[in-house]
file entry.txt (compact mmCIF, C-alpha atoms and all ligand atoms)
# COMPACT_ATOMS: atom_id res chain seq x y z
CA MET A 443 0.00 0.00 0.00
CA GLY A 444 1.21 3.53 -0.73
CA LYS A 445 1.51 6.33 1.80
CA ALA A 446 -1.80 7.54 3.28
CA LEU A 447 -3.01 10.67 5.03
CA ASN A 448 -4.88 8.98 7.93
CA LEU A 449 -7.54 11.68 8.20
CA ARG A 450 -10.00 11.71 11.12
CA THR A 451 -12.81 11.54 8.53
CA PRO A 452 -12.54 11.28 4.73
CA ILE A 453 -14.25 14.65 4.20
CA VAL A 454 -11.96 17.34 2.75
CA ILE A 455 -12.72 20.97 1.92
CA ALA A 456 -11.83 21.56 -1.75
CA SER A 457 -9.32 24.23 -2.73
CA GLY A 458 -11.03 27.49 -3.66
CA PRO A 459 -14.56 27.63 -2.30
CA GLY A 460 -13.23 27.62 1.29
CA GLY A 461 -10.74 30.46 0.61
CA PHE A 462 -8.08 30.72 3.32
CA GLY A 463 -10.09 29.29 6.18
CA GLU A 464 -13.11 31.59 6.00
CA TYR A 465 -15.54 28.71 6.57
CA LEU A 466 -13.94 27.87 9.90
CA ASN A 467 -16.03 30.72 11.35
CA VAL A 468 -19.23 28.98 10.33
CA SER A 469 -20.74 27.78 13.59
CA SER A 470 -23.21 25.35 11.97
CA VAL A 471 -20.30 23.05 11.08
CA ASP A 472 -18.75 20.67 13.58
CA TRP A 473 -15.15 20.75 12.38
CA SER A 474 -14.29 17.48 14.08
CA TYR A 475 -16.27 15.87 11.23
CA VAL A 476 -13.92 17.31 8.63
CA GLY A 477 -10.69 15.48 7.88
CA ALA A 478 -8.78 18.29 6.16
CA TYR A 479 -9.20 21.77 4.73
CA THR A 480 -7.46 22.65 1.47
CA LEU A 481 -6.54 26.32 1.18
CA LYS A 482 -7.10 28.25 -2.04
CA THR A 483 -4.28 27.88 -4.57
CA VAL A 484 -1.32 30.17 -3.91
CA THR A 485 0.95 31.26 -6.77
CA LEU A 486 4.38 32.89 -6.58
CA ASN A 487 3.03 36.35 -7.38
CA PRO A 488 -0.31 37.71 -6.14
CA LYS A 489 -3.23 37.61 -8.56
CA SER A 490 -6.18 39.96 -8.41
CA GLY A 491 -8.38 37.63 -10.45
CA ASN A 492 -11.13 38.59 -12.88
CA LYS A 493 -13.61 41.44 -12.51
CA PRO A 494 -16.96 40.48 -10.96
CA PRO A 495 -19.35 38.83 -11.51
CA ARG A 496 -17.26 35.72 -11.09
CA MET A 497 -19.80 33.05 -10.30
CA TYR A 498 -22.97 31.84 -11.93
CA ALA A 499 -25.08 29.21 -10.24
CA SER A 500 -27.86 27.01 -11.56
CA LYS A 501 -29.39 23.90 -10.05
CA GLU A 502 -27.24 21.61 -12.16
CA PHE A 503 -23.91 23.40 -12.20
CA LEU A 504 -21.83 26.38 -11.21
CA ILE A 505 -19.52 28.31 -13.50
CA ASN A 506 -16.75 30.33 -11.91
CA ARG A 507 -14.27 32.72 -13.44
CA ILE A 508 -12.43 33.73 -10.30
CA GLY A 509 -9.07 33.80 -12.11
CA LEU A 510 -7.04 32.29 -9.26
CA GLU A 511 -7.19 35.38 -7.04
CA ASN A 512 -4.67 34.89 -4.24
CA PRO A 513 -2.18 36.89 -2.16
CA GLY A 514 0.90 35.21 -3.63
CA PHE A 515 3.79 33.70 -1.68
CA ASP A 516 4.31 36.87 0.39
CA GLY A 517 0.68 36.78 1.50
CA LEU A 518 1.02 33.14 2.50
CA ARG A 519 4.23 33.84 4.41
CA LYS A 520 2.45 36.59 6.33
CA MET A 521 -0.31 34.15 7.31
CA VAL A 522 2.39 31.81 8.60
CA GLU A 523 4.28 34.55 10.46
CA ASP A 524 1.24 36.15 12.12
CA GLY A 525 0.02 32.78 13.41
CA THR A 526 -3.07 32.53 11.16
CA ILE A 527 -1.98 29.20 9.73
CA ASP A 528 -1.26 27.72 13.18
CA LYS A 529 -4.65 28.91 14.41
CA LEU A 530 -6.47 27.32 11.45
CA ALA A 531 -4.44 24.12 11.77
CA SER A 532 -5.44 23.82 15.42
CA ILE A 533 -9.06 23.45 14.28
CA VAL A 534 -8.61 21.24 11.23
CA PRO A 535 -5.57 19.75 9.45
CA LEU A 536 -4.60 21.89 6.46
CA ILE A 537 -3.59 21.01 2.91
CA LEU A 538 -1.60 23.68 1.07
CA SER A 539 -2.49 24.20 -2.59
CA LEU A 540 0.22 25.57 -4.87
CA GLY A 541 0.07 26.67 -8.49
CA GLY A 542 2.21 28.45 -11.06
CA ASP A 543 2.25 30.16 -14.42
CA SER A 544 5.39 28.37 -15.54
CA PHE A 545 7.71 25.46 -14.76
CA ASP A 546 10.06 27.74 -12.84
CA GLU A 547 7.29 29.26 -10.75
CA TYR A 548 6.11 25.86 -9.49
CA VAL A 549 9.64 24.93 -8.47
CA GLU A 550 10.38 28.34 -6.96
CA ILE A 551 7.28 28.44 -4.76
CA THR A 552 8.01 24.90 -3.57
CA LYS A 553 11.50 25.97 -2.47
CA LEU A 554 10.18 29.09 -0.75
CA CYS A 555 7.49 27.18 1.16
CA ARG A 556 9.89 24.47 2.37
CA PRO A 557 10.66 26.09 5.77
CA PHE A 558 7.02 25.88 6.86
CA LEU A 559 5.63 22.88 4.98
CA ASP A 560 5.47 20.92 8.25
CA LYS A 561 2.44 23.04 9.20
CA PHE A 562 0.48 21.25 6.48
CA ILE A 563 -0.39 17.57 6.24
CA ALA A 564 0.05 17.63 2.46
CA VAL A 565 0.68 19.86 -0.52
CA GLU A 566 -1.70 19.69 -3.46
CA TYR A 567 -0.37 21.02 -6.77
CA ASN A 568 -2.96 22.59 -8.99
CA PHE A 569 -1.81 21.72 -12.52
CA SER A 570 -4.83 23.25 -14.16
CA CYS A 571 -3.44 26.78 -13.91
CA PRO A 572 -3.03 28.53 -17.25
CA ASN A 573 0.57 28.24 -18.33
CA VAL A 574 2.24 31.15 -20.10
CA HIS A 575 4.67 28.88 -21.93
CA HIS A 576 1.80 26.96 -23.45
CA GLY A 577 -0.42 29.81 -24.57
CA GLY A 578 -2.64 29.73 -21.49
CA LEU A 579 -3.15 25.95 -21.43
CA SER A 580 -2.37 23.76 -18.44
CA ILE A 581 1.24 22.68 -18.08
CA MET A 582 -0.02 19.09 -18.31
CA VAL A 583 -0.57 19.46 -22.06
CA ASP A 584 3.13 18.94 -22.77
CA ARG A 585 3.61 15.54 -21.12
CA GLU A 586 7.40 15.52 -21.17
CA GLU A 587 7.68 18.99 -19.67
CA TRP A 588 5.08 18.08 -17.05
CA ARG A 589 6.96 14.90 -16.16
CA ARG A 590 10.12 16.95 -15.74
CA LEU A 591 8.21 19.28 -13.45
CA LEU A 592 6.86 16.41 -11.33
CA LYS A 593 10.43 15.12 -10.99
CA ALA A 594 11.77 18.56 -10.09
CA ILE A 595 9.13 19.14 -7.39
CA ARG A 596 9.63 15.65 -5.92
CA THR A 597 13.34 16.39 -5.61
CA GLU A 598 12.61 19.59 -3.68
CA THR A 599 10.44 18.15 -0.91
CA ASP A 600 9.70 15.10 1.22
CA ALA A 601 6.18 16.36 1.97
CA PHE A 602 3.11 14.28 1.08
CA ILE A 603 2.53 15.64 -2.42
CA ILE A 604 -0.67 15.34 -4.40
CA ALA A 605 -1.20 16.24 -8.06
CA LYS A 606 -4.60 17.74 -8.82
CA LEU A 607 -5.46 16.55 -12.30
CA GLY A 608 -7.61 18.34 -14.81
CA ILE A 609 -9.14 15.98 -17.37
CA GLU A 610 -8.93 18.05 -20.51
CA SER A 611 -5.51 16.97 -21.67
CA GLY A 612 -5.95 13.22 -21.88
CA PHE A 613 -7.12 10.13 -20.01
CA VAL A 614 -6.91 10.74 -16.30
CA GLU A 615 -5.58 7.26 -15.52
CA GLU A 616 -2.64 7.83 -17.87
CA MET A 617 -1.81 11.09 -16.14
CA ALA A 618 -2.12 9.43 -12.73
CA ARG A 619 0.32 6.72 -13.89
CA ILE A 620 2.86 9.43 -14.68
CA VAL A 621 2.31 11.04 -11.25
CA SER A 622 2.81 7.72 -9.50
CA SER A 623 5.88 6.79 -11.51
CA GLU A 624 7.54 10.04 -10.43
CA GLY A 625 7.20 9.06 -6.77
CA TRP A 626 4.28 11.32 -5.86
CA ASP A 627 1.96 10.24 -3.06
CA GLY A 628 -1.48 11.01 -4.41
CA VAL A 629 -3.83 12.55 -6.93
CA THR A 630 -6.93 14.68 -6.64
CA VAL A 631 -9.40 13.96 -9.41
CA ILE A 632 -10.86 16.09 -10.90
CA ASN A 633 -10.75 19.86 -11.23
CA THR A 634 -13.35 22.04 -12.95
CA ILE A 635 -13.95 21.57 -16.70
CA ARG A 636 -14.15 24.49 -19.13
CA GLY A 637 -17.74 25.57 -19.59
CA LEU A 638 -19.72 28.26 -21.37
CA MET A 639 -23.06 29.75 -20.49
CA VAL A 640 -25.13 32.73 -21.55
CA ASN A 641 -26.15 34.80 -18.54
CA SER A 642 -29.45 36.56 -17.95
CA GLU A 643 -28.12 39.67 -19.73
CA GLY A 644 -27.29 37.64 -22.81
CA GLN A 645 -23.54 37.81 -22.21
CA THR A 646 -21.24 34.88 -22.94
CA VAL A 647 -19.57 33.59 -19.79
CA LEU A 648 -16.49 31.37 -20.02
CA GLY A 649 -15.39 29.67 -16.84
CA GLY A 650 -14.78 26.47 -14.90
CA LEU A 651 -17.73 24.16 -14.48
CA SER A 652 -18.30 22.53 -11.09
CA GLY A 653 -21.22 21.29 -9.05
CA PRO A 654 -23.75 18.45 -9.57
CA ALA A 655 -23.12 18.08 -13.33
CA LEU A 656 -19.52 17.12 -12.60
CA TYR A 657 -20.32 14.23 -10.28
CA PRO A 658 -20.59 11.25 -12.70
CA ILE A 659 -17.46 12.41 -14.54
CA ALA A 660 -15.49 12.63 -11.30
CA LEU A 661 -16.81 9.23 -10.16
CA ARG A 662 -15.67 7.66 -13.42
CA ALA A 663 -12.27 9.30 -13.05
CA VAL A 664 -11.87 7.86 -9.55
CA TYR A 665 -12.92 4.44 -10.85
CA GLU A 666 -10.41 4.54 -13.73
CA VAL A 667 -7.51 5.77 -11.60
CA ARG A 668 -8.14 3.16 -8.91
CA LYS A 669 -8.34 0.41 -11.56
CA ALA A 670 -5.00 1.53 -13.00
CA LEU A 671 -3.25 2.18 -9.68
CA PRO A 672 -4.36 0.06 -6.71
CA ASP A 673 -2.02 1.84 -4.27
CA ILE A 674 -2.14 5.55 -5.03
CA TYR A 675 -3.88 7.90 -2.57
CA ILE A 676 -6.96 9.43 -4.24
CA ILE A 677 -8.94 12.51 -3.22
CA ALA A 678 -12.19 12.63 -5.20
CA SER A 679 -13.41 16.07 -6.29
CA GLY A 680 -16.46 17.01 -8.31
CA GLY A 681 -20.12 17.56 -7.56
CA VAL A 682 -20.31 15.89 -4.16
CA TYR A 683 -23.37 17.30 -2.38
CA ALA A 684 -24.68 14.41 -0.26
CA PRO A 685 -23.48 11.62 2.07
CA GLU A 686 -24.53 8.91 -0.44
CA GLN A 687 -22.09 10.40 -2.93
CA VAL A 688 -19.29 10.29 -0.38
CA ARG A 689 -20.02 6.60 0.16
CA GLU A 690 -20.09 5.97 -3.58
CA MET A 691 -16.77 7.76 -4.19
CA LEU A 692 -15.18 5.67 -1.43
CA ARG A 693 -16.69 2.49 -2.85
CA PHE A 694 -15.12 3.15 -6.23
CA GLY A 695 -11.69 3.74 -4.78
CA ALA A 696 -11.36 7.22 -3.27
CA ASN A 697 -9.46 7.52 0.03
CA ALA A 698 -10.93 10.94 0.75
CA VAL A 699 -13.69 13.03 -0.81
CA SER A 700 -13.58 16.77 -1.24
CA VAL A 701 -16.49 19.15 -1.06
CA GLY A 702 -16.40 22.45 -2.94
CA SER A 703 -19.43 23.99 -4.64
CA ALA A 704 -21.79 22.36 -2.13
CA LEU A 705 -20.43 24.79 0.48
CA PHE A 706 -22.20 27.64 -1.34
CA HIS A 707 -25.43 25.66 -1.16
CA ASP A 708 -25.49 24.47 2.46
CA GLU A 709 -22.27 24.04 4.41
CA SER A 710 -23.98 22.08 7.20
CA VAL A 711 -24.03 19.07 4.85
CA LEU A 712 -20.45 18.58 6.08
CA ASN A 713 -21.87 17.41 9.43
CA GLU A 714 -24.09 14.82 7.79
CA MET A 715 -21.22 13.61 5.64
CA GLY A 716 -18.63 13.47 8.40
CA LYS A 717 -20.80 12.03 11.17
CA GLU A 718 -20.93 8.52 9.82
CA PHE A 719 -17.16 8.32 9.45
CA SER A 720 -16.03 9.99 12.66
CA ARG A 721 -14.11 7.72 15.00
C1 LIG B 801 -15.31 29.31 -6.75
C2 LIG B 801 -14.32 28.21 -6.99
C3 LIG B 801 -12.95 28.46 -6.84
C4 LIG B 801 -12.02 27.43 -7.06
N1 LIG B 801 -10.70 27.68 -6.88
C5 LIG B 801 -9.79 26.65 -6.98
C6 LIG B 801 -8.43 26.86 -6.68
O1 LIG B 801 -8.00 27.96 -6.29
N2 LIG B 801 -7.59 25.80 -6.81
C7 LIG B 801 -8.01 24.55 -7.20
O2 LIG B 801 -7.20 23.62 -7.28
N3 LIG B 801 -9.32 24.33 -7.47
C8 LIG B 801 -10.21 25.34 -7.37
N4 LIG B 801 -11.54 25.10 -7.60
C9 LIG B 801 -11.97 23.75 -7.98
C10 LIG B 801 -12.48 22.97 -6.77
O3 LIG B 801 -11.46 22.74 -5.82
C11 LIG B 801 -13.07 21.61 -7.18
O4 LIG B 801 -12.03 20.77 -7.65
C12 LIG B 801 -14.12 21.73 -8.27
O5 LIG B 801 -14.95 22.84 -8.02
C13 LIG B 801 -15.01 20.48 -8.36
O6 LIG B 801 -15.60 20.18 -7.13
P1 LIG B 801 -17.06 20.71 -6.65
O7 LIG B 801 -18.04 20.34 -7.74
O8 LIG B 801 -17.29 20.02 -5.35
O9 LIG B 801 -16.94 22.18 -6.52
C14 LIG B 801 -12.48 26.13 -7.43
C15 LIG B 801 -13.85 25.90 -7.57
C16 LIG B 801 -14.77 26.91 -7.36
C17 LIG B 801 -16.24 26.61 -7.52

call {"tool": "encode", "arguments": {"input": "entry.txt", "output": "structure tokens"}}
result
Amino acid sequence: MGKALNLRTPIVIASGPGGFGEYLNVSSVDWSYVGAYTLKTVTLNPKSGNKPPRMYASKEFLINRIGLENPGFDGLRKMVEDGTIDKLASIVPLILSLGGDSFDEYVEITKLCRPFLDKFIAVEYNFSCPNVHHGGLSIMVDREEWRRLLKAIRTETDAFIIAKLGIESGFVEEMARIVSSEGWDGVTVINTIRGLMVNSEGQTVLGGLSGPALYPIALRAVYEVRKALPDIYIIASGGVYAPEQVREMLRFGANAVSVGSALFHDESVLNEMGKEFSR
């Protein structure tokens, strides 16, 4: 068996919707039912993101065009230095999410974070960030370059590292095989998928699709990755809104299940999900 995270419950807060711990103030959630909280992706330089509106919700899906707004490495370092990260970690174990606009940025931010990585139980790398070297596409599109990047990051840290895989550049099980062969500990499947909708003002909105519509696609991805790799640690992500879906994701091979868009709907579902797994 590969390395595991040994969470107190398999429920994980997905990177993004939970920001940098904002939901920990929500009193309707019993945080002992949550196994880990993934922070929003941090990139080397701060990003102000796209102009609002940035989110469109329907019953079946959500489209967001946040644009990876984050305070950059300096902002993260401040949260470490002023004790914010320790305070959050005393409530729920934290997973750090890192991203980059280029090969060098991923490696650089890994090096910079090294002195405080022990505050996090794992580091999840968001490989769905637009990559300047590839005309705005994910760095995963060029397999050889991506493999080199996985190797370079693995060399920089002994932390539990997880690759978050988008599914728009090939079969997810093939990408997971590459992750595993480079000595990484886990994968998160999947991220949002590019979507388009026309809003109530008739404007075209391009963004990342999440929410209920993503669920069967994410379930299939978990199934395929587990079939290909019996030992890799898998965090399922995509459209999980109810305890039955957590059970189903686990049944098809997930080790943990992340909850993102559902937080905008009703965050107290975390209690229902976590209760049955709490020890
Ligand atoms: C508003 C919003 C912001 C997100 N920001 C990030 C992010 O910063 N990093 C990341 O890896 N994924 C991000 N995601 C993707 C989620 O972590 C998750 O993988 C995806 O939304 C599918 O799960 P869900 O249907 O439960 O939301 C974001 C999703 C949403 C809805």

call {"tool": "atom_distance", "arguments": {"input": "entry.txt", "atom1": "CA of Val583 (chain A)", "atom2": "CA of Leu656 (chain A)"}}
result
21.3 Å

call {"tool": "residues_near_point", "arguments": {"input": "entry.txt", "point": "(4.8, 29.2, -16.1)", "cutoff": "12 Å", "atoms": "only C-alpha atoms", "output": "ChimeraX atom specification"}}
result
/A:485-487,541-551,569-582,587-588,591

call {"tool": "write_last_selection", "arguments": {"input": "entry.txt", "atoms": "C-alpha atoms", "output": "PDB file, in the frame of the given file"}}
result
ATOM      1  CA  THR A 485       0.950  31.260  -6.770  1.00  0.00           C
ATOM      2  CA  LEU A 486       4.380  32.890  -6.580  1.00  0.00           C
ATOM      3  CA  ASN A 487       3.030  36.350  -7.380  1.00  0.00           C
ATOM      4  CA  GLY A 541       0.070  26.670  -8.490  1.00  0.00           C
ATOM      5  CA  GLY A 542       2.210  28.450 -11.060  1.00  0.00           C
ATOM      6  CA  ASP A 543       2.250  30.160 -14.420  1.00  0.00           C
ATOM      7  CA  SER A 544       5.390  28.370 -15.540  1.00  0.00           C
ATOM      8  CA  PHE A 545       7.710  25.460 -14.760  1.00  0.00           C
ATOM      9  CA  ASP A 546      10.060  27.740 -12.840  1.00  0.00           C
ATOM     10  CA  GLU A 547       7.290  29.260 -10.750  1.00  0.00           C
ATOM     11  CA  TYR A 548       6.110  25.860  -9.490  1.00  0.00           C
ATOM     12  CA  VAL A 549       9.640  24.930  -8.470  1.00  0.00           C
ATOM     13  CA  GLU A 550      10.380  28.340  -6.960  1.00  0.00           C
ATOM     14  CA  ILE A 551       7.280  28.440  -4.760  1.00  0.00           C
ATOM     15  CA  PHE A 569      -1.810  21.720 -12.520  1.00  0.00           C
ATOM     16  CA  SER A 570      -4.830  23.250 -14.160  1.00  0.00           C
ATOM     17  CA  CYS A 571      -3.440  26.780 -13.910  1.00  0.00           C
ATOM     18  CA  PRO A 572      -3.030  28.530 -17.250  1.00  0.00           C
ATOM     19  CA  ASN A 573       0.570  28.240 -18.330  1.00  0.00           C
ATOM     20  CA  VAL A 574       2.240  31.150 -20.100  1.00  0.00           C
ATOM     21  CA  HIS A 575       4.670  28.880 -21.930  1.00  0.00           C
ATOM     22  CA  HIS A 576       1.800  26.960 -23.450  1.00  0.00           C
ATOM     23  CA  GLY A 577      -0.420  29.810 -24.570  1.00  0.00           C
ATOM     24  CA  GLY A 578      -2.640  29.730 -21.490  1.00  0.00           C
ATOM     25  CA  LEU A 579      -3.150  25.950 -21.430  1.00  0.00           C
ATOM     26  CA  SER A 580      -2.370  23.760 -18.440  1.00  0.00           C
ATOM     27  CA  ILE A 581       1.240  22.680 -18.080  1.00  0.00           C
ATOM     28  CA  MET A 582      -0.020  19.090 -18.310  1.00  0.00           C
ATOM     29  CA  GLU A 587       7.680  18.990 -19.670  1.00  0.00           C
ATOM     30  CA  TRP A 588       5.080  18.080 -17.050  1.00  0.00           C
ATOM     31  CA  LEU A 591       8.210  19.280 -13.450  1.00  0.00           C
TER      32      LEU A 591
END

call {"tool": "residues_around", "arguments": {"input": "entry.txt", "residues": "region 600-611 of chain A", "least_positions_apart": "5", "cutoff": "7 Å", "atoms": "all atoms listed in the file", "output": "list in words"}}
result
Ala564, Val565, Glu566, Tyr567, Asn568, Phe569, Ser570, Met582, Val583, Trp626, Asp627, Gly628, Val629, Thr630, Val631, Ile632 and Asn633 of chain A

call {"tool": "axis_aligned_box", "arguments": {"input": "entry.txt", "around": "ligand LIG 801 (chain B)", "padding_each_side": "4 Å", "output": "JSON"}}
result
{"center_x": -12.6, "center_y": 24.7, "center_z": -6.9, "size_x": 18.8, "size_y": 17.3, "size_z": 11.0}

call {"tool": "residues_around", "arguments": {"input": "entry.txt", "residues": "region 704-717 of chain A", "least_positions_apart": "2", "cutoff": "7 Å", "atoms": "only C-alpha atoms", "output": "list in words"}}
result
Thr451, Ile453, Ser470, Val471, Asp472, Tyr475, Val476, Val682, Tyr683, Ala684, Pro685, Val701, Gly702, Phe719 and Ser720 of chain A

call {"tool": "closest_residue", "arguments": {"input": "entry.txt", "among": "A:Met617, A:Ser679, A:Arg585, A:Ala663", "to": "Val454 (chain A)", "atoms": "all atoms listed in the file"}}
result
A:Ser679

call {"tool": "closest_residue", "arguments": {"input": "entry.txt", "among": "A:Ser652, A:Ser623, A:Thr552, A:Ser474", "to": "Phe503 (chain A)", "atoms": "all atoms listed in the file"}}
result
A:Ser652

call {"tool": "closest_residue", "arguments": {"input": "entry.txt", "among": "A:Ala456, A:Val468, A:Leu638, A:Met497", "to": "Gly680 (chain A)", "atoms": "only C-alpha atoms"}}
result
A:Ala456

call {"tool": "closest_residue", "arguments": {"input": "entry.txt", "among": "A:Val621, A:Leu554, A:Leu559, A:Ile533", "to": "Gly477 (chain A)", "atoms": "only C-alpha atoms"}}
result
A:Ile533

call {"tool": "atom_distance", "arguments": {"input": "entry.txt", "atom1": "atom C17 of ligand LIG 801 (chain B)", "atom2": "CA of Leu504 (chain A)"}}
result
6.7 Å

call {"tool": "closest_residue", "arguments": {"input": "entry.txt", "among": "A:Ile595, A:Ile455, A:Leu648, A:Ala660", "to": "Asn506 (chain A)", "atoms": "all atoms listed in the file"}}
result
A:Leu648

call {"tool": "atom_distance", "arguments": {"input": "entry.txt", "atom1": "CA of Gly460 (chain A)", "atom2": "CA of Ile677 (chain A)"}}
result
16.3 Å

call {"tool": "closest_residue", "arguments": {"input": "entry.txt", "among": "A:Tyr657, A:Tyr675, A:Tyr665, A:Phe462", "to": "Glu502 (chain A)", "atoms": "all atoms listed in the file"}}
result
A:Tyr657

call {"tool": "residues_around", "arguments": {"input": "entry.txt", "residues": "region 536-538 of chain A", "least_positions_apart": "5", "cutoff": "9 Å", "atoms": "all atoms listed in the file", "output": "PDB file with C-alpha atoms, in the coordinates of the input"}}
result
ATOM      1  CA  SER A 457      -9.320  24.230  -2.730  1.00  0.00           C
ATOM      2  CA  GLY A 477     -10.690  15.480   7.880  1.00  0.00           C
ATOM      3  CA  ALA A 478      -8.780  18.290   6.160  1.00  0.00           C
ATOM      4  CA  TYR A 479      -9.200  21.770   4.730  1.00  0.00           C
ATOM      5  CA  THR A 480      -7.460  22.650   1.470  1.00  0.00           C
ATOM      6  CA  LEU A 481      -6.540  26.320   1.180  1.00  0.00           C
ATOM      7  CA  LYS A 482      -7.100  28.250  -2.040  1.00  0.00           C
ATOM      8  CA  THR A 483      -4.280  27.880  -4.570  1.00  0.00           C
ATOM      9  CA  VAL A 484      -1.320  30.170  -3.910  1.00  0.00           C
ATOM     10  CA  ILE A 527      -1.980  29.200   9.730  1.00  0.00           C
ATOM     11  CA  LEU A 530      -6.470  27.320  11.450  1.00  0.00           C
ATOM     12  CA  ALA A 531      -4.440  24.120  11.770  1.00  0.00           C
ATOM     13  CA  LEU A 559       5.630  22.880   4.980  1.00  0.00           C
ATOM     14  CA  LYS A 561       2.440  23.040   9.200  1.00  0.00           C
ATOM     15  CA  PHE A 562       0.480  21.250   6.480  1.00  0.00           C
ATOM     16  CA  ILE A 563      -0.390  17.570   6.240  1.00  0.00           C
ATOM     17  CA  ALA A 564       0.050  17.630   2.460  1.00  0.00           C
ATOM     18  CA  VAL A 565       0.680  19.860  -0.520  1.00  0.00           C
ATOM     19  CA  GLU A 566      -1.700  19.690  -3.460  1.00  0.00           C
ATOM     20  CA  TYR A 567      -0.370  21.020  -6.770  1.00  0.00           C
TER      21      TYR A 567
END

call {"tool": "residues_around", "arguments": {"input": "entry.txt", "residues": "Leu671 (chain A)", "least_positions_apart": "5", "cutoff": "9 Å", "atoms": "all atoms listed in the file", "output": "list in words"}}
result
Glu615, Ala618, Arg619, Ser622 and Glu666 of chain A

call {"tool": "build_atoms", "arguments": {"input": "entry.txt", "residues": "region 501-513 of chain A", "atoms": "N, CA, C and O atoms", "output": "PDB file, in the frame of the given file"}}
result
ATOM      1  N   LYS A 501     -29.176  25.084 -10.875  1.00  0.00           N
ATOM      2  CA  LYS A 501     -29.390  23.900 -10.050  1.00  0.00           C
ATOM      3  C   LYS A 501     -28.384  22.791 -10.421  1.00  0.00           C
ATOM      4  O   LYS A 501     -27.938  22.033  -9.580  1.00  0.00           O
ATOM      5  N   GLU A 502     -28.054  22.736 -11.682  1.00  0.00           N
ATOM      6  CA  GLU A 502     -27.240  21.610 -12.160  1.00  0.00           C
ATOM      7  C   GLU A 502     -25.734  21.871 -12.109  1.00  0.00           C
ATOM      8  O   GLU A 502     -24.945  20.942 -12.116  1.00  0.00           O
ATOM      9  N   PHE A 503     -25.353  23.134 -12.153  1.00  0.00           N
ATOM     10  CA  PHE A 503     -23.910  23.400 -12.200  1.00  0.00           C
ATOM     11  C   PHE A 503     -23.610  24.804 -11.716  1.00  0.00           C
ATOM     12  O   PHE A 503     -24.509  25.623 -11.506  1.00  0.00           O
ATOM     13  N   LEU A 504     -22.312  25.050 -11.577  1.00  0.00           N
ATOM     14  CA  LEU A 504     -21.830  26.380 -11.210  1.00  0.00           C
ATOM     15  C   LEU A 504     -20.710  26.703 -12.196  1.00  0.00           C
ATOM     16  O   LEU A 504     -19.942  25.801 -12.552  1.00  0.00           O
ATOM     17  N   ILE A 505     -20.668  27.934 -12.661  1.00  0.00           N
ATOM     18  CA  ILE A 505     -19.520  28.310 -13.500  1.00  0.00           C
ATOM     19  C   ILE A 505     -18.795  29.437 -12.794  1.00  0.00           C
ATOM     20  O   ILE A 505     -19.413  30.436 -12.401  1.00  0.00           O
ATOM     21  N   ASN A 506     -17.486  29.248 -12.553  1.00  0.00           N
ATOM     22  CA  ASN A 506     -16.750  30.330 -11.910  1.00  0.00           C
ATOM     23  C   ASN A 506     -15.635  30.818 -12.823  1.00  0.00           C
ATOM     24  O   ASN A 506     -15.047  30.059 -13.599  1.00  0.00           O
ATOM     25  N   ARG A 507     -15.390  32.105 -12.718  1.00  0.00           N
ATOM     26  CA  ARG A 507     -14.270  32.720 -13.440  1.00  0.00           C
ATOM     27  C   ARG A 507     -13.541  33.630 -12.456  1.00  0.00           C
ATOM     28  O   ARG A 507     -13.382  34.817 -12.672  1.00  0.00           O
ATOM     29  N   ILE A 508     -13.113  32.983 -11.357  1.00  0.00           N
ATOM     30  CA  ILE A 508     -12.430  33.730 -10.300  1.00  0.00           C
ATOM     31  C   ILE A 508     -11.068  34.242 -10.800  1.00  0.00           C
ATOM     32  O   ILE A 508     -10.655  35.346 -10.482  1.00  0.00           O
ATOM     33  N   GLY A 509     -10.386  33.387 -11.586  1.00  0.00           N
ATOM     34  CA  GLY A 509      -9.070  33.800 -12.110  1.00  0.00           C
ATOM     35  C   GLY A 509      -7.959  33.652 -11.083  1.00  0.00           C
ATOM     36  O   GLY A 509      -7.008  34.440 -11.072  1.00  0.00           O
ATOM     37  N   LEU A 510      -8.102  32.638 -10.228  1.00  0.00           N
ATOM     38  CA  LEU A 510      -7.040  32.290  -9.260  1.00  0.00           C
ATOM     39  C   LEU A 510      -6.605  33.455  -8.368  1.00  0.00           C
ATOM     40  O   LEU A 510      -5.405  33.599  -8.074  1.00  0.00           O
ATOM     41  N   GLU A 511      -7.536  34.282  -7.964  1.00  0.00           N
ATOM     42  CA  GLU A 511      -7.190  35.380  -7.040  1.00  0.00           C
ATOM     43  C   GLU A 511      -6.514  34.799  -5.792  1.00  0.00           C
ATOM     44  O   GLU A 511      -7.014  33.863  -5.183  1.00  0.00           O
ATOM     45  N   ASN A 512      -5.360  35.338  -5.461  1.00  0.00           N
ATOM     46  CA  ASN A 512      -4.670  34.890  -4.240  1.00  0.00           C
ATOM     47  C   ASN A 512      -3.576  35.890  -3.875  1.00  0.00           C
ATOM     48  O   ASN A 512      -3.144  36.678  -4.711  1.00  0.00           O
ATOM     49  N   PRO A 513      -3.131  35.878  -2.620  1.00  0.00           N
ATOM     50  CA  PRO A 513      -2.180  36.890  -2.160  1.00  0.00           C
ATOM     51  C   PRO A 513      -0.723  36.606  -2.504  1.00  0.00           C
ATOM     52  O   PRO A 513       0.165  37.369  -2.078  1.00  0.00           O
TER      53      PRO A 513
END
